[in-house]
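For reference, upload.csv (CSV, N, CA, C and O atoms):
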chain,number,residue,atom,x,y,z
A,1,MET,N,85.2,110.5,68.3
A,1,MET,CA,86.4,109.9,67.7
A,1,MET,C,86.3,108.4,67.8
A,1,MET,O,85.7,107.9,68.8
A,2,ALA,N,86.9,107.7,66.9
A,2,ALA,CA,86.9,106.3,66.9
A,2,ALA,C,88.3,105.7,66.6
A,2,ALA,O,89.0,106.3,65.9
A,3,LEU,N,88.6,104.6,67.2
A,3,LEU,CA,89.8,103.9,67.0
A,3,LEU,C,89.6,102.9,65.9
A,3,LEU,O,88.7,102.2,65.8
A,4,TYR,N,90.6,102.9,64.9
A,4,TYR,CA,90.6,101.9,63.8
A,4,TYR,C,92.0,101.3,63.8
A,4,TYR,O,93.0,101.9,63.9
A,5,VAL,N,91.9,100.0,63.5
A,5,VAL,CA,93.1,99.2,63.4
A,5,VAL,C,93.3,98.9,61.9
A,5,VAL,O,92.3,98.5,61.2
A,6,VAL,N,94.5,99.1,61.4
A,6,VAL,CA,94.8,98.8,60.0
A,6,VAL,C,96.0,97.9,60.0
A,6,VAL,O,97.0,98.2,60.6
A,7,GLN,N,95.8,96.7,59.3
A,7,GLN,CA,97.0,95.8,59.1
A,7,GLN,C,97.4,95.9,57.7
A,7,GLN,O,96.5,95.6,56.8
A,8,LEU,N,98.6,96.2,57.4
A,8,LEU,CA,99.1,96.2,56.1
A,8,LEU,C,99.9,94.9,55.8
A,8,LEU,O,100.5,94.3,56.7
A,9,ARG,N,99.8,94.5,54.6
A,9,ARG,CA,100.6,93.3,54.1
A,9,ARG,C,101.6,93.8,53.1
A,9,ARG,O,101.2,94.6,52.2
A,10,PHE,N,102.8,93.4,53.2
A,10,PHE,CA,103.9,93.7,52.2
A,10,PHE,C,104.2,92.5,51.4
A,10,PHE,O,104.3,91.4,51.9
A,11,ASP,N,104.5,92.8,50.1
A,11,ASP,CA,105.0,91.8,49.2
A,11,ASP,C,106.5,91.8,49.3
A,11,ASP,O,107.2,92.8,48.9
A,12,LEU,N,107.1,90.7,49.8
A,12,LEU,CA,108.6,90.7,50.1
A,12,LEU,C,109.3,90.9,48.7
A,12,LEU,O,110.5,91.3,48.7
A,13,ALA,N,108.7,90.5,47.6
A,13,ALA,CA,109.4,90.6,46.3
A,13,ALA,C,109.5,92.1,45.9
A,13,ALA,O,110.3,92.4,45.1
A,14,GLU,N,108.7,93.0,46.6
A,14,GLU,CA,108.7,94.4,46.3
A,14,GLU,C,109.4,95.2,47.4
A,14,GLU,O,109.2,96.4,47.5
A,15,SER,N,110.3,94.6,48.2
A,15,SER,CA,110.9,95.2,49.3
A,15,SER,C,111.7,96.4,48.9
A,15,SER,O,111.7,97.5,49.6
A,16,ASP,N,112.5,96.3,47.8
A,16,ASP,CA,113.3,97.5,47.3
A,16,ASP,C,112.4,98.7,47.0
A,16,ASP,O,112.8,99.8,47.4
A,17,ARG,N,111.3,98.5,46.3
A,17,ARG,CA,110.4,99.6,46.0
A,17,ARG,C,109.8,100.2,47.3
A,17,ARG,O,109.7,101.4,47.4
A,18,ARG,N,109.4,99.3,48.2
A,18,ARG,CA,108.9,99.8,49.5
A,18,ARG,C,109.9,100.6,50.3
A,18,ARG,O,109.6,101.7,50.8
A,19,MET,N,111.1,100.1,50.3
A,19,MET,CA,112.2,100.8,51.1
A,19,MET,C,112.5,102.2,50.5
A,19,MET,O,112.8,103.1,51.2
A,20,ALA,N,112.3,102.3,49.2
A,20,ALA,CA,112.5,103.6,48.5
A,20,ALA,C,111.4,104.6,48.9
A,20,ALA,O,111.7,105.8,49.0
A,21,VAL,N,110.3,104.2,49.2
A,21,VAL,CA,109.1,105.0,49.6
A,21,VAL,C,109.0,105.2,51.1
A,21,VAL,O,108.4,106.1,51.6
A,22,ARG,N,109.7,104.3,51.9
A,22,ARG,CA,109.5,104.3,53.3
A,22,ARG,C,109.8,105.6,54.0
A,22,ARG,O,109.1,106.0,55.0
A,23,PRO,N,110.9,106.3,53.7
A,23,PRO,CA,111.1,107.6,54.4
A,23,PRO,C,110.0,108.6,54.3
A,23,PRO,O,109.6,109.2,55.3
A,24,ALA,N,109.3,108.7,53.1
A,24,ALA,CA,108.2,109.6,52.9
A,24,ALA,C,107.0,109.0,53.7
A,24,ALA,O,106.2,109.8,54.3
A,25,HIS,N,106.8,107.7,53.7
A,25,HIS,CA,105.7,107.1,54.5
A,25,HIS,C,105.9,107.4,56.0
A,25,HIS,O,105.0,107.8,56.7
A,26,ARG,N,107.1,107.2,56.5
A,26,ARG,CA,107.4,107.5,57.9
A,26,ARG,C,107.2,109.0,58.3
A,26,ARG,O,106.8,109.3,59.4
A,27,GLU,N,107.6,109.8,57.4
A,27,GLU,CA,107.4,111.3,57.6
A,27,GLU,C,105.9,111.6,57.7
A,27,GLU,O,105.5,112.4,58.6
A,28,TYR,N,105.1,111.0,56.8
A,28,TYR,CA,103.7,111.2,56.9
A,28,TYR,C,103.1,110.7,58.2
A,28,TYR,O,102.3,111.3,58.8
A,29,LEU,N,103.6,109.5,58.6
A,29,LEU,CA,103.1,108.9,59.9
A,29,LEU,C,103.4,109.9,61.1
A,29,LEU,O,102.6,110.0,62.0
A,30,THR,N,104.6,110.4,61.0
A,30,THR,CA,105.0,111.4,62.1
A,30,THR,C,104.1,112.6,62.1
A,30,THR,O,103.7,113.0,63.2
A,31,GLU,N,103.7,113.1,61.0
A,31,GLU,CA,102.8,114.2,60.9
A,31,GLU,C,101.4,113.8,61.5
A,31,GLU,O,100.8,114.6,62.2
A,32,LEU,N,101.0,112.6,61.2
A,32,LEU,CA,99.7,112.1,61.7
A,32,LEU,C,99.8,111.9,63.2
A,32,LEU,O,98.8,112.2,64.0
A,33,LYS,N,100.9,111.4,63.7
A,33,LYS,CA,101.1,111.3,65.2
A,33,LYS,C,101.1,112.6,65.9
A,33,LYS,O,100.4,112.8,66.9
A,34,THR,N,101.7,113.6,65.3
A,34,THR,CA,101.8,115.0,65.9
A,34,THR,C,100.4,115.6,65.9
A,34,THR,O,100.0,116.3,66.8
A,35,ALA,N,99.6,115.3,64.9
A,35,ALA,CA,98.2,115.8,64.8
A,35,ALA,C,97.2,115.0,65.6
A,35,ALA,O,96.0,115.4,65.7
A,36,GLY,N,97.7,114.0,66.3
A,36,GLY,CA,96.8,113.2,67.1
A,36,GLY,C,95.9,112.2,66.4
A,36,GLY,O,95.0,111.6,67.0
A,37,LYS,N,96.2,111.9,65.1
A,37,LYS,CA,95.4,111.0,64.3
A,37,LYS,C,96.0,109.6,64.4
A,37,LYS,O,95.3,108.6,64.1
A,38,LEU,N,97.2,109.4,64.7
A,38,LEU,CA,97.9,108.1,64.7
A,38,LEU,C,98.3,107.8,66.2
A,38,LEU,O,98.9,108.6,66.8
A,39,VAL,N,97.8,106.7,66.7
A,39,VAL,CA,98.0,106.3,68.0
A,39,VAL,C,99.4,105.5,68.2
A,39,VAL,O,100.2,105.9,69.0
A,40,VAL,N,99.5,104.5,67.3
A,40,VAL,CA,100.7,103.7,67.4
A,40,VAL,C,100.8,103.0,66.0
A,40,VAL,O,99.9,102.8,65.3
A,41,ALA,N,102.1,102.7,65.6
A,41,ALA,CA,102.3,102.1,64.3
A,41,ALA,C,103.7,101.4,64.3
A,41,ALA,O,104.6,101.8,65.0
A,42,GLY,N,103.8,100.4,63.5
A,42,GLY,CA,105.1,99.7,63.4
A,42,GLY,C,105.0,98.5,62.5
A,42,GLY,O,104.0,97.9,62.4
A,43,PRO,N,106.2,98.1,61.9
A,43,PRO,CA,106.2,96.9,61.1
A,43,PRO,C,106.3,95.7,62.0
A,43,PRO,O,106.8,95.7,63.1
A,44,PHE,N,105.9,94.5,61.4
A,44,PHE,CA,106.1,93.2,62.0
A,44,PHE,C,107.6,92.9,61.9
A,44,PHE,O,108.3,93.3,61.0
A,45,ALA,N,108.1,92.2,62.8
A,45,ALA,CA,109.6,91.8,62.9
A,45,ALA,C,110.0,91.1,61.6
A,45,ALA,O,111.2,91.3,61.2
A,46,ASP,N,109.1,90.3,61.0
A,46,ASP,CA,109.5,89.6,59.8
A,46,ASP,C,109.3,90.4,58.5
A,46,ASP,O,109.5,89.9,57.4
A,47,GLN,N,108.9,91.7,58.7
A,47,GLN,CA,108.8,92.6,57.5
A,47,GLN,C,107.7,92.2,56.5
A,47,GLN,O,107.7,92.6,55.4
A,48,THR,N,106.7,91.4,56.9
A,48,THR,CA,105.7,91.0,56.0
A,48,THR,C,104.5,91.9,56.1
A,48,THR,O,103.5,91.8,55.3
A,49,GLY,N,104.5,92.9,57.0
A,49,GLY,CA,103.4,93.8,57.1
A,49,GLY,C,103.6,94.8,58.3
A,49,GLY,O,104.7,94.9,58.9
A,50,ALA,N,102.6,95.5,58.6
A,50,ALA,CA,102.6,96.5,59.7
A,50,ALA,C,101.2,96.6,60.3
A,50,ALA,O,100.2,96.2,59.7
A,51,LEU,N,101.2,97.1,61.6
A,51,LEU,CA,100.0,97.3,62.3
A,51,LEU,C,100.0,98.8,62.7
A,51,LEU,O,100.9,99.3,63.2
A,52,LEU,N,98.8,99.5,62.4
A,52,LEU,CA,98.7,100.9,62.7
A,52,LEU,C,97.3,101.1,63.4
A,52,LEU,O,96.3,100.4,63.0
A,53,VAL,N,97.3,101.9,64.4
A,53,VAL,CA,96.0,102.3,65.1
A,53,VAL,C,95.8,103.8,64.9
A,53,VAL,O,96.7,104.6,65.3
A,54,TYR,N,94.7,104.1,64.4
A,54,TYR,CA,94.3,105.5,64.1
A,54,TYR,C,93.2,106.0,65.0
A,54,TYR,O,92.3,105.2,65.4
A,55,ASP,N,93.2,107.3,65.4
A,55,ASP,CA,92.1,107.9,66.2
A,55,ASP,C,91.5,108.9,65.3
A,55,ASP,O,92.0,110.0,65.1
A,56,VAL,N,90.3,108.6,64.6
A,56,VAL,CA,89.7,109.5,63.6
A,56,VAL,C,88.2,109.6,63.9
A,56,VAL,O,87.7,108.8,64.7
A,57,ALA,N,87.6,110.5,63.2
A,57,ALA,CA,86.2,110.7,63.3
A,57,ALA,C,85.4,109.5,62.8
A,57,ALA,O,84.4,109.2,63.5
A,58,ASP,N,85.8,109.0,61.7
A,58,ASP,CA,85.0,107.9,61.1
A,58,ASP,C,85.9,107.2,60.0
A,58,ASP,O,87.0,107.6,59.7
A,59,GLU,N,85.3,106.2,59.4
A,59,GLU,CA,86.0,105.4,58.4
A,59,GLU,C,86.3,106.3,57.2
A,59,GLU,O,87.4,106.1,56.6
A,60,ALA,N,85.5,107.2,56.9
A,60,ALA,CA,85.7,108.1,55.7
A,60,ALA,C,87.0,108.9,55.9
A,60,ALA,O,87.8,109.0,55.0
A,61,GLU,N,87.2,109.4,57.1
A,61,GLU,CA,88.4,110.2,57.4
A,61,GLU,C,89.6,109.2,57.3
A,61,GLU,O,90.7,109.6,56.8
A,62,LEU,N,89.5,108.0,57.9
A,62,LEU,CA,90.6,107.1,57.8
A,62,LEU,C,91.0,106.8,56.3
A,62,LEU,O,92.1,106.8,56.0
A,63,ARG,N,90.0,106.5,55.5
A,63,ARG,CA,90.2,106.2,54.1
A,63,ARG,C,90.9,107.3,53.4
A,63,ARG,O,91.8,107.1,52.5
A,64,ASP,N,90.6,108.6,53.8
A,64,ASP,CA,91.2,109.7,53.2
A,64,ASP,C,92.7,109.8,53.6
A,64,ASP,O,93.6,110.0,52.8
A,65,ILE,N,93.0,109.5,54.9
A,65,ILE,CA,94.3,109.5,55.4
A,65,ILE,C,95.1,108.4,54.7
A,65,ILE,O,96.3,108.6,54.3
A,66,LEU,N,94.6,107.2,54.5
A,66,LEU,CA,95.2,106.1,53.9
A,66,LEU,C,95.5,106.4,52.4
A,66,LEU,O,96.6,106.1,51.9
A,67,ALA,N,94.6,107.1,51.8
A,67,ALA,CA,94.8,107.5,50.3
A,67,ALA,C,96.0,108.4,50.2
A,67,ALA,O,96.7,108.4,49.1
A,68,LYS,N,96.2,109.2,51.2
A,68,LYS,CA,97.3,110.2,51.1
A,68,LYS,C,98.7,109.7,51.6
A,68,LYS,O,99.7,110.3,51.4
A,69,ASP,N,98.7,108.5,52.1
A,69,ASP,CA,99.9,107.8,52.6
A,69,ASP,C,100.8,107.5,51.3
A,69,ASP,O,100.3,106.9,50.4
A,70,PRO,N,102.0,107.9,51.3
A,70,PRO,CA,102.9,107.6,50.2
A,70,PRO,C,102.9,106.1,49.7
A,70,PRO,O,103.2,105.8,48.6
A,71,TYR,N,102.7,105.2,50.6
A,71,TYR,CA,102.6,103.8,50.2
A,71,TYR,C,101.5,103.5,49.3
A,71,TYR,O,101.6,102.6,48.4
A,72,THR,N,100.4,104.3,49.3
A,72,THR,CA,99.2,104.0,48.5
A,72,THR,C,99.5,104.2,47.0
A,72,THR,O,99.3,103.3,46.2
A,73,PRO,N,99.9,105.4,46.6
A,73,PRO,CA,100.2,105.6,45.2
A,73,PRO,C,101.4,104.8,44.7
A,73,PRO,O,101.4,104.4,43.5
A,74,ALA,N,102.3,104.4,45.6
A,74,ALA,CA,103.4,103.6,45.2
A,74,ALA,C,103.0,102.1,45.1
A,74,ALA,O,103.8,101.3,44.5
A,75,ASN,N,101.8,101.8,45.6
A,75,ASN,CA,101.3,100.4,45.5
A,75,ASN,C,102.3,99.4,46.1
A,75,ASN,O,102.6,98.4,45.5
A,76,VAL,N,102.8,99.7,47.3
A,76,VAL,CA,103.8,98.8,48.0
A,76,VAL,C,103.2,98.1,49.2
A,76,VAL,O,103.9,97.4,49.9
A,77,ALA,N,101.9,98.4,49.5
A,77,ALA,CA,101.3,97.8,50.7
A,77,ALA,C,99.9,97.5,50.4
A,77,ALA,O,99.2,98.3,49.7
A,78,GLU,N,99.4,96.4,50.9
A,78,GLU,CA,98.0,96.0,50.7
A,78,GLU,C,97.3,96.1,52.1
A,78,GLU,O,97.9,95.7,53.1
A,79,ILE,N,96.1,96.6,52.1
A,79,ILE,CA,95.3,96.6,53.4
A,79,ILE,C,94.7,95.2,53.6
A,79,ILE,O,93.9,94.8,52.8
A,80,ALA,N,95.2,94.5,54.6
A,80,ALA,CA,94.7,93.2,54.9
A,80,ALA,C,93.5,93.3,55.9
A,80,ALA,O,92.6,92.5,55.8
A,81,THR,N,93.6,94.3,56.8
A,81,THR,CA,92.5,94.5,57.7
A,81,THR,C,92.3,95.9,58.0
A,81,THR,O,93.2,96.7,58.1
A,82,LEU,N,91.0,96.3,58.0
A,82,LEU,CA,90.6,97.7,58.4
A,82,LEU,C,89.4,97.5,59.2
A,82,LEU,O,88.4,97.1,58.7
A,83,ALA,N,89.4,97.8,60.5
A,83,ALA,CA,88.3,97.6,61.4
A,83,ALA,C,88.3,98.6,62.5
A,83,ALA,O,89.3,99.0,63.0
A,84,GLU,N,87.1,99.0,62.9
A,84,GLU,CA,86.9,99.8,64.1
A,84,GLU,C,87.2,98.9,65.3
A,84,GLU,O,86.9,97.8,65.3
A,85,TRP,N,87.9,99.5,66.2
A,85,TRP,CA,88.5,98.8,67.3
A,85,TRP,C,87.9,99.3,68.7
A,85,TRP,O,87.9,100.5,68.9
A,86,GLU,N,87.5,98.4,69.5
A,86,GLU,CA,87.1,98.8,70.9
A,86,GLU,C,88.0,98.1,71.9
A,86,GLU,O,87.7,97.0,72.3
A,87,PRO,N,89.1,98.8,72.3
A,87,PRO,CA,90.0,98.2,73.2
A,87,PRO,C,89.4,97.9,74.5
A,87,PRO,O,88.6,98.7,75.1
A,88,LEU,N,89.8,96.8,75.1
A,88,LEU,CA,89.3,96.4,76.4
A,88,LEU,C,90.0,97.2,77.5
A,88,LEU,O,89.4,97.6,78.5
A,89,PHE,N,91.3,97.4,77.3
A,89,PHE,CA,92.1,98.2,78.2
A,89,PHE,C,92.5,99.5,77.6
A,89,PHE,O,92.8,99.5,76.4
A,90,PRO,N,92.5,100.6,78.3
A,90,PRO,CA,92.9,101.9,77.7
A,90,PRO,C,94.3,101.9,77.2
A,90,PRO,O,95.2,101.2,77.8
A,91,LEU,N,94.6,102.7,76.2
A,91,LEU,CA,95.9,102.9,75.7
A,91,LEU,C,96.6,104.0,76.5
A,91,LEU,O,96.0,105.0,76.8
A,92,SER,N,97.7,103.7,77.1
A,92,SER,CA,98.4,104.7,77.9
A,92,SER,C,99.8,104.8,77.6
A,92,SER,O,100.4,104.0,76.9
Starting from the file, give its structure as structure tokens.
Amino acid sequence: MALYVVQLRFDLAESDRRMAVRPAHREYLTELKTAGKLVVAGPFADQTGALLVYDVADEAELRDILAKDPYTPANVAEIATLAEWEPLFPLS
């Protein structure tokens, strides 16, 4: 398994559309957390984006997960960063 960090960027002009999709997005994230695929996630305080850490087999699995996220077909978030992550200190 590998850890990946994803930074999403939100267009503040599209906040109403994103808010309409957010309940489905959060439900999906809850399912991923329960399945052990999502380590941590949350929006930035200024609502300009979010940071998510995934524990997946590889980038292909992560891209499949991201494609199924309700934010993707709604086109309300842009991937600003997607990178494999090697944390210096363990997540606990």
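Distances from A:Ala13, A:Val56, A:Met1, A:Leu8 to Phe44 (chain A) were compared using only N, CA, C and O atoms, and the smallest one belongs to A:Leu8.
Put simply, atom N of Arg17 (chain A) is 17.4 Å away from atom C of Gly42 (chain A).
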Find the residue from A:Val76, A:Leu62, A:Ala41, A:Ala83 that sits nearest to Leu3 (chain A); use all atoms listed in the file when measuring. A:Ala83
Residue nearest Leu38 (chain A) among A:Pro70, A:Glu78, A:Tyr4, A:Met19 (counting all atoms listed in the file): A:Tyr4
Give as a PyMOL selection string each residue that has an atom at most 8 Å from (100.0, 93.3, 57.0) in the file, counting all atoms listed in the file. chain A and resi 6-10+44+47-51+77-81
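The strand (DSSP E) portion of region 24-77 of chain A consists of Leu38, Val39, Val40, Ala41, Gly42, Pro43, Gly49, Ala50, Leu51, Leu52, Val53, Tyr54, Asp55 and Val56 of chain A, with states taken from DSSP on the backbone.
Remark: for Glu84 (chain A), the closest of the candidate residues A:Asp46, A:Tyr28, A:Tyr54, A:Lys37 is A:Tyr54 (distances computed over only N, CA, C and O atoms).
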Alpha helix (DSSP H) per DSSP on the backbone: members of chain A, as a short mmCIF file (atom, residue, chain, number, x, y, z; two decimals) with N, CA, C and O atoms, in the coordinates of the input:
data_model
loop_
_atom_site.label_atom_id
_atom_site.label_comp_id
_atom_site.auth_asym_id
_atom_site.auth_seq_id
_atom_site.Cartn_x
_atom_site.Cartn_y
_atom_site.Cartn_z
N SER A 15 110.30 94.60 48.20
CA SER A 15 110.90 95.20 49.30
C SER A 15 111.70 96.40 48.90
O SER A 15 111.70 97.50 49.60
N ASP A 16 112.50 96.30 47.80
CA ASP A 16 113.30 97.50 47.30
C ASP A 16 112.40 98.70 47.00
O ASP A 16 112.80 99.80 47.40
N ARG A 17 111.30 98.50 46.30
CA ARG A 17 110.40 99.60 46.00
C ARG A 17 109.80 100.20 47.30
O ARG A 17 109.70 101.40 47.40
N ARG A 18 109.40 99.30 48.20
CA ARG A 18 108.90 99.80 49.50
C ARG A 18 109.90 100.60 50.30
O ARG A 18 109.60 101.70 50.80
N MET A 19 111.10 100.10 50.30
CA MET A 19 112.20 100.80 51.10
C MET A 19 112.50 102.20 50.50
O MET A 19 112.80 103.10 51.20
N ALA A 20 112.30 102.30 49.20
CA ALA A 20 112.50 103.60 48.50
C ALA A 20 111.40 104.60 48.90
O ALA A 20 111.70 105.80 49.00
N VAL A 21 110.30 104.20 49.20
CA VAL A 21 109.10 105.00 49.60
C VAL A 21 109.00 105.20 51.10
O VAL A 21 108.40 106.10 51.60
N ARG A 22 109.70 104.30 51.90
CA ARG A 22 109.50 104.30 53.30
C ARG A 22 109.80 105.60 54.00
O ARG A 22 109.10 106.00 55.00
N PRO A 23 110.90 106.30 53.70
CA PRO A 23 111.10 107.60 54.40
C PRO A 23 110.00 108.60 54.30
O PRO A 23 109.60 109.20 55.30
N ALA A 24 109.30 108.70 53.10
CA ALA A 24 108.20 109.60 52.90
C ALA A 24 107.00 109.00 53.70
O ALA A 24 106.20 109.80 54.30
N HIS A 25 106.80 107.70 53.70
CA HIS A 25 105.70 107.10 54.50
C HIS A 25 105.90 107.40 56.00
O HIS A 25 105.00 107.80 56.70
N ARG A 26 107.10 107.20 56.50
CA ARG A 26 107.40 107.50 57.90
C ARG A 26 107.20 109.00 58.30
O ARG A 26 106.80 109.30 59.40
N GLU A 27 107.60 109.80 57.40
CA GLU A 27 107.40 111.30 57.60
C GLU A 27 105.90 111.60 57.70
O GLU A 27 105.50 112.40 58.60
N TYR A 28 105.10 111.00 56.80
CA TYR A 28 103.70 111.20 56.90
C TYR A 28 103.10 110.70 58.20
O TYR A 28 102.30 111.30 58.80
N LEU A 29 103.60 109.50 58.60
CA LEU A 29 103.10 108.90 59.90
C LEU A 29 103.40 109.90 61.10
O LEU A 29 102.60 110.00 62.00
N THR A 30 104.60 110.40 61.00
CA THR A 30 105.00 111.40 62.10
C THR A 30 104.10 112.60 62.10
O THR A 30 103.70 113.00 63.20
N GLU A 31 103.70 113.10 61.00
CA GLU A 31 102.80 114.20 60.90
C GLU A 31 101.40 113.80 61.50
O GLU A 31 100.80 114.60 62.20
N LEU A 32 101.00 112.60 61.20
CA LEU A 32 99.70 112.10 61.70
C LEU A 32 99.80 111.90 63.20
O LEU A 32 98.80 112.20 64.00
N LYS A 33 100.90 111.40 63.70
CA LYS A 33 101.10 111.30 65.20
C LYS A 33 101.10 112.60 65.90
O LYS A 33 100.40 112.80 66.90
N THR A 34 101.70 113.60 65.30
CA THR A 34 101.80 115.00 65.90
C THR A 34 100.40 115.60 65.90
O THR A 34 100.00 116.30 66.80
N GLU A 59 85.30 106.20 59.40
CA GLU A 59 86.00 105.40 58.40
C GLU A 59 86.30 106.30 57.20
O GLU A 59 87.40 106.10 56.60
N ALA A 60 85.50 107.20 56.90
CA ALA A 60 85.70 108.10 55.70
C ALA A 60 87.00 108.90 55.90
O ALA A 60 87.80 109.00 55.00
N GLU A 61 87.20 109.40 57.10
CA GLU A 61 88.40 110.20 57.40
C GLU A 61 89.60 109.20 57.30
O GLU A 61 90.70 109.60 56.80
N LEU A 62 89.50 108.00 57.90
CA LEU A 62 90.60 107.10 57.80
C LEU A 62 91.00 106.80 56.30
O LEU A 62 92.10 106.80 56.00
N ARG A 63 90.00 106.50 55.50
CA ARG A 63 90.20 106.20 54.10
C ARG A 63 90.90 107.30 53.40
O ARG A 63 91.80 107.10 52.50
N ASP A 64 90.60 108.60 53.80
CA ASP A 64 91.20 109.70 53.20
C ASP A 64 92.70 109.80 53.60
O ASP A 64 93.60 110.00 52.80
N ILE A 65 93.00 109.50 54.90
CA ILE A 65 94.30 109.50 55.40
C ILE A 65 95.10 108.40 54.70
O ILE A 65 96.30 108.60 54.30
N LEU A 66 94.60 107.20 54.50
CA LEU A 66 95.20 106.10 53.90
C LEU A 66 95.50 106.40 52.40
O LEU A 66 96.60 106.10 51.90
N ALA A 67 94.60 107.10 51.80
CA ALA A 67 94.80 107.50 50.30
C ALA A 67 96.00 108.40 50.20
O ALA A 67 96.70 108.40 49.10
N LYS A 68 96.20 109.20 51.20
CA LYS A 68 97.30 110.20 51.10
C LYS A 68 98.70 109.70 51.60
O LYS A 68 99.70 110.30 51.40
N TYR A 71 102.70 105.20 50.60
CA TYR A 71 102.60 103.80 50.20
C TYR A 71 101.50 103.50 49.30
O TYR A 71 101.60 102.60 48.40
N THR A 72 100.40 104.30 49.30
CA THR A 72 99.20 104.00 48.50
C THR A 72 99.50 104.20 47.00
O THR A 72 99.30 103.30 46.20
N PRO A 73 99.90 105.40 46.60
CA PRO A 73 100.20 105.60 45.20
C PRO A 73 101.40 104.80 44.70
O PRO A 73 101.40 104.40 43.50
N ALA A 74 102.30 104.40 45.60
CA ALA A 74 103.40 103.60 45.20
C ALA A 74 103.00 102.10 45.10
O ALA A 74 103.80 101.30 44.50
#
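The space between CA of Glu59 (chain A) and CA of Val39 (chain A) spans 15.4 Å.
Candidate residues A:Asn75, A:Arg63, A:Ala24, A:Glu86 were compared for distance to Asp11 (chain A), and the nearest is A:Asn75, using all atoms listed in the file.
Here CA of Leu82 (chain A) is placed at a distance of 19.5 Å from CA of Arg26 (chain A).
For the set A:Thr72, A:Ala2, A:Ala45, A:Thr34, the residue with the smallest atom-to-atom gap to Trp85 (chain A) is A:Ala2, counting only C-alpha atoms.
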